[in-house]
Amino acid sequence: MTAMERSDALTSLVAEYRSTTTAVISDNLDRLPGAVGLRPYHRVSGTMAGRALTVRVAAGDNYHIHKALDLVQPGDVVVVDGDGSTERALIGGIMSAIAKSRGAAGMVLNGAIRDTAEIGADDFPIFACGVIHRGPYKNGPGAINVPVVIGGMIVNPGDIVVGDHDGVVAFPPQNADKLLEAVRAQERKEADIFRQIAAGTYVGAYAK
């Protein structure tokens, strides 16, 4: 398989995750990975899935987020480690619009945002851990495409990032094929349970 074929295969695989849920993915990752304390601020209309473009910034400073937006490729999820600080917003409506216009699949911020009325009216995925009106510094330091920590979850550059109503989970692309098989198997099992419940034939507790 050529490099282009591998890239196309991964793009197709990522697209498959847009019809999954973070809850079922988490169940099949031993319920261990997953960002704690983040929530969606956009108008959720489905599942976000993409490859991580990681950014590490100083608390309350978005200089390197601006630099990262110049590097965005279609399908990237911009994943920002802002040290969990909610004293200053790292992005607002303008930076969200820039990311969307450049083909990003969404943004995940271990930090605060602002302009939530604008962000909440759009379906471009924005996940963060807080809201504040105060704007950011733009001085640095920071780094791009380095391992980051988001709500206690380590995210490496190129990891697959999935987000929905319940939160955000990330995992290495080399595990994605087998994980997707397990996710689909659990979805089928749960669909069968719902059919049994509707028919009044379900007995016993269900636990994975």
# chains A, B, ... in the order shown; residues from 1 in each chain; ligands from 1

call {"tool": "select_by_dssp", "arguments": {"residues": "region 10-199 of chain A", "states": "strand (DSSP E)", "output": "PyMOL selection string"}}
result
chain A and resi 39-40+48-57+76-81+89-91+106-110+112-113+126-128+130-131+142-144+148-150+153-155+160-164+167-171

call {"tool": "closest_atom_pairs", "arguments": {"of": "region 48-77 of chain A", "to": "region 118-136 of chain A", "cutoff": "10 Å", "atoms": "only C-alpha atoms", "output": "CSV"}}
result
residue,atom,partner,partner_atom,distance
A:Met48,CA,A:Pro125,CA,6.7
A:Ala49,CA,A:Pro125,CA,9.7
A:Ala59,CA,A:Pro136,CA,8.8
A:Gly60,CA,A:Pro136,CA,5.1
A:Asp61,CA,A:Pro136,CA,5.1
A:Asn62,CA,A:Pro136,CA,6.2
A:Tyr63,CA,A:Pro136,CA,8.7
A:Val77,CA,A:Pro125,CA,9.2

call {"tool": "atom_distance", "arguments": {"atom1": "CA of Ala170 (chain A)", "atom2": "CA of Asp76 (chain A)"}}
result
12.9 Å

call {"tool": "decode", "arguments": {"residues": "region 190-201 of chain A", "atoms": "all heavy atoms", "output": "PDB file, in the first residue's frame"}}
result
ATOM      1  N   GLU A 190     -26.329  -3.580  21.757  1.00  0.00           N
ATOM      2  CA  GLU A 190     -27.231  -2.639  22.419  1.00  0.00           C
ATOM      3  C   GLU A 190     -28.536  -2.469  21.629  1.00  0.00           C
ATOM      4  O   GLU A 190     -29.616  -2.339  22.227  1.00  0.00           O
ATOM      5  CB  GLU A 190     -26.534  -1.296  22.614  1.00  0.00           C
ATOM      6  CG  GLU A 190     -25.396  -1.360  23.634  1.00  0.00           C
ATOM      7  CD  GLU A 190     -24.805  -0.009  23.956  1.00  0.00           C
ATOM      8  OE1 GLU A 190     -25.214   0.993  23.328  1.00  0.00           O
ATOM      9  OE2 GLU A 190     -23.934   0.053  24.849  1.00  0.00           O
ATOM     10  N   ALA A 191     -28.438  -2.485  20.294  1.00  0.00           N
ATOM     11  CA  ALA A 191     -29.653  -2.387  19.479  1.00  0.00           C
ATOM     12  C   ALA A 191     -30.569  -3.580  19.741  1.00  0.00           C
ATOM     13  O   ALA A 191     -31.801  -3.430  19.808  1.00  0.00           O
ATOM     14  CB  ALA A 191     -29.289  -2.310  17.997  1.00  0.00           C
ATOM     15  N   ASP A 192     -29.974  -4.750  19.905  1.00  0.00           N
ATOM     16  CA  ASP A 192     -30.763  -5.940  20.206  1.00  0.00           C
ATOM     17  C   ASP A 192     -31.443  -5.817  21.570  1.00  0.00           C
ATOM     18  O   ASP A 192     -32.607  -6.220  21.741  1.00  0.00           O
ATOM     19  CB  ASP A 192     -29.875  -7.185  20.159  1.00  0.00           C
ATOM     20  CG  ASP A 192     -30.670  -8.466  20.327  1.00  0.00           C
ATOM     21  OD1 ASP A 192     -31.627  -8.688  19.566  1.00  0.00           O
ATOM     22  OD2 ASP A 192     -30.342  -9.253  21.246  1.00  0.00           O
ATOM     23  N   ILE A 193     -30.725  -5.258  22.533  1.00  0.00           N
ATOM     24  CA  ILE A 193     -31.309  -5.068  23.866  1.00  0.00           C
ATOM     25  C   ILE A 193     -32.498  -4.116  23.802  1.00  0.00           C
ATOM     26  O   ILE A 193     -33.544  -4.361  24.419  1.00  0.00           O
ATOM     27  CB  ILE A 193     -30.242  -4.558  24.846  1.00  0.00           C
ATOM     28  CG1 ILE A 193     -29.265  -5.677  25.180  1.00  0.00           C
ATOM     29  CG2 ILE A 193     -30.875  -4.019  26.126  1.00  0.00           C
ATOM     30  CD1 ILE A 193     -28.041  -5.227  25.900  1.00  0.00           C
ATOM     31  N   PHE A 194     -32.378  -3.029  23.044  1.00  0.00           N
ATOM     32  CA  PHE A 194     -33.500  -2.103  22.913  1.00  0.00           C
ATOM     33  C   PHE A 194     -34.700  -2.784  22.261  1.00  0.00           C
ATOM     34  O   PHE A 194     -35.856  -2.512  22.627  1.00  0.00           O
ATOM     35  CB  PHE A 194     -33.086  -0.863  22.121  1.00  0.00           C
ATOM     36  CG  PHE A 194     -32.341   0.165  22.943  1.00  0.00           C
ATOM     37  CD1 PHE A 194     -31.008   0.467  22.680  1.00  0.00           C
ATOM     38  CD2 PHE A 194     -32.980   0.819  23.978  1.00  0.00           C
ATOM     39  CE1 PHE A 194     -30.323   1.404  23.437  1.00  0.00           C
ATOM     40  CE2 PHE A 194     -32.305   1.774  24.745  1.00  0.00           C
ATOM     41  CZ  PHE A 194     -30.980   2.058  24.476  1.00  0.00           C
ATOM     42  N   ARG A 195     -34.436  -3.666  21.285  1.00  0.00           N
ATOM     43  CA  ARG A 195     -35.549  -4.400  20.669  1.00  0.00           C
ATOM     44  C   ARG A 195     -36.236  -5.292  21.702  1.00  0.00           C
ATOM     45  O   ARG A 195     -37.469  -5.389  21.751  1.00  0.00           O
ATOM     46  CB  ARG A 195     -35.033  -5.237  19.489  1.00  0.00           C
ATOM     47  CG  ARG A 195     -34.761  -4.421  18.225  1.00  0.00           C
ATOM     48  CD  ARG A 195     -34.523  -5.307  17.029  1.00  0.00           C
ATOM     49  NE  ARG A 195     -33.270  -6.054  17.132  1.00  0.00           N
ATOM     50  CZ  ARG A 195     -32.102  -5.618  16.667  1.00  0.00           C
ATOM     51  NH1 ARG A 195     -32.038  -4.428  16.070  1.00  0.00           N
ATOM     52  NH2 ARG A 195     -31.009  -6.352  16.796  1.00  0.00           N
ATOM     53  N   GLN A 196     -35.430  -5.956  22.547  1.00  0.00           N
ATOM     54  CA  GLN A 196     -36.007  -6.804  23.586  1.00  0.00           C
ATOM     55  C   GLN A 196     -36.822  -5.985  24.585  1.00  0.00           C
ATOM     56  O   GLN A 196     -37.905  -6.411  25.018  1.00  0.00           O
ATOM     57  CB  GLN A 196     -34.896  -7.565  24.310  1.00  0.00           C
ATOM     58  CG  GLN A 196     -34.168  -8.591  23.457  1.00  0.00           C
ATOM     59  CD  GLN A 196     -33.014  -9.223  24.214  1.00  0.00           C
ATOM     60  OE1 GLN A 196     -33.099  -9.481  25.410  1.00  0.00           O
ATOM     61  NE2 GLN A 196     -31.921  -9.477  23.512  1.00  0.00           N
ATOM     62  N   ILE A 197     -36.292  -4.814  24.948  1.00  0.00           N
ATOM     63  CA  ILE A 197     -37.024  -3.950  25.884  1.00  0.00           C
ATOM     64  C   ILE A 197     -38.365  -3.547  25.289  1.00  0.00           C
ATOM     65  O   ILE A 197     -39.414  -3.601  25.943  1.00  0.00           O
ATOM     66  CB  ILE A 197     -36.187  -2.705  26.242  1.00  0.00           C
ATOM     67  CG1 ILE A 197     -34.959  -3.120  27.059  1.00  0.00           C
ATOM     68  CG2 ILE A 197     -37.020  -1.687  27.030  1.00  0.00           C
ATOM     69  CD1 ILE A 197     -33.952  -2.007  27.255  1.00  0.00           C
ATOM     70  N   ALA A 198     -38.358  -3.138  24.011  1.00  0.00           N
ATOM     71  CA  ALA A 198     -39.592  -2.718  23.350  1.00  0.00           C
ATOM     72  C   ALA A 198     -40.594  -3.858  23.251  1.00  0.00           C
ATOM     73  O   ALA A 198     -41.809  -3.643  23.334  1.00  0.00           O
ATOM     74  CB  ALA A 198     -39.275  -2.171  21.960  1.00  0.00           C
ATOM     75  N   ALA A 199     -40.079  -5.091  23.090  1.00  0.00           N
ATOM     76  CA  ALA A 199     -40.953  -6.255  22.955  1.00  0.00           C
ATOM     77  C   ALA A 199     -41.376  -6.826  24.306  1.00  0.00           C
ATOM     78  O   ALA A 199     -42.202  -7.734  24.363  1.00  0.00           O
ATOM     79  CB  ALA A 199     -40.258  -7.335  22.140  1.00  0.00           C
ATOM     80  N   GLY A 200     -40.776  -6.303  25.381  1.00  0.00           N
ATOM     81  CA  GLY A 200     -41.102  -6.805  26.709  1.00  0.00           C
ATOM     82  C   GLY A 200     -40.479  -8.149  27.027  1.00  0.00           C
ATOM     83  O   GLY A 200     -40.940  -8.863  27.926  1.00  0.00           O
ATOM     84  N   THR A 201     -39.397  -8.496  26.297  1.00  0.00           N
ATOM     85  CA  THR A 201     -38.769  -9.808  26.500  1.00  0.00           C
ATOM     86  C   THR A 201     -37.409  -9.724  27.188  1.00  0.00           C
ATOM     87  O   THR A 201     -36.777 -10.756  27.424  1.00  0.00           O
ATOM     88  CB  THR A 201     -38.586 -10.522  25.153  1.00  0.00           C
ATOM     89  OG1 THR A 201     -37.755  -9.711  24.297  1.00  0.00           O
ATOM     90  CG2 THR A 201     -39.932 -10.748  24.476  1.00  0.00           C
TER      91      THR A 201
END
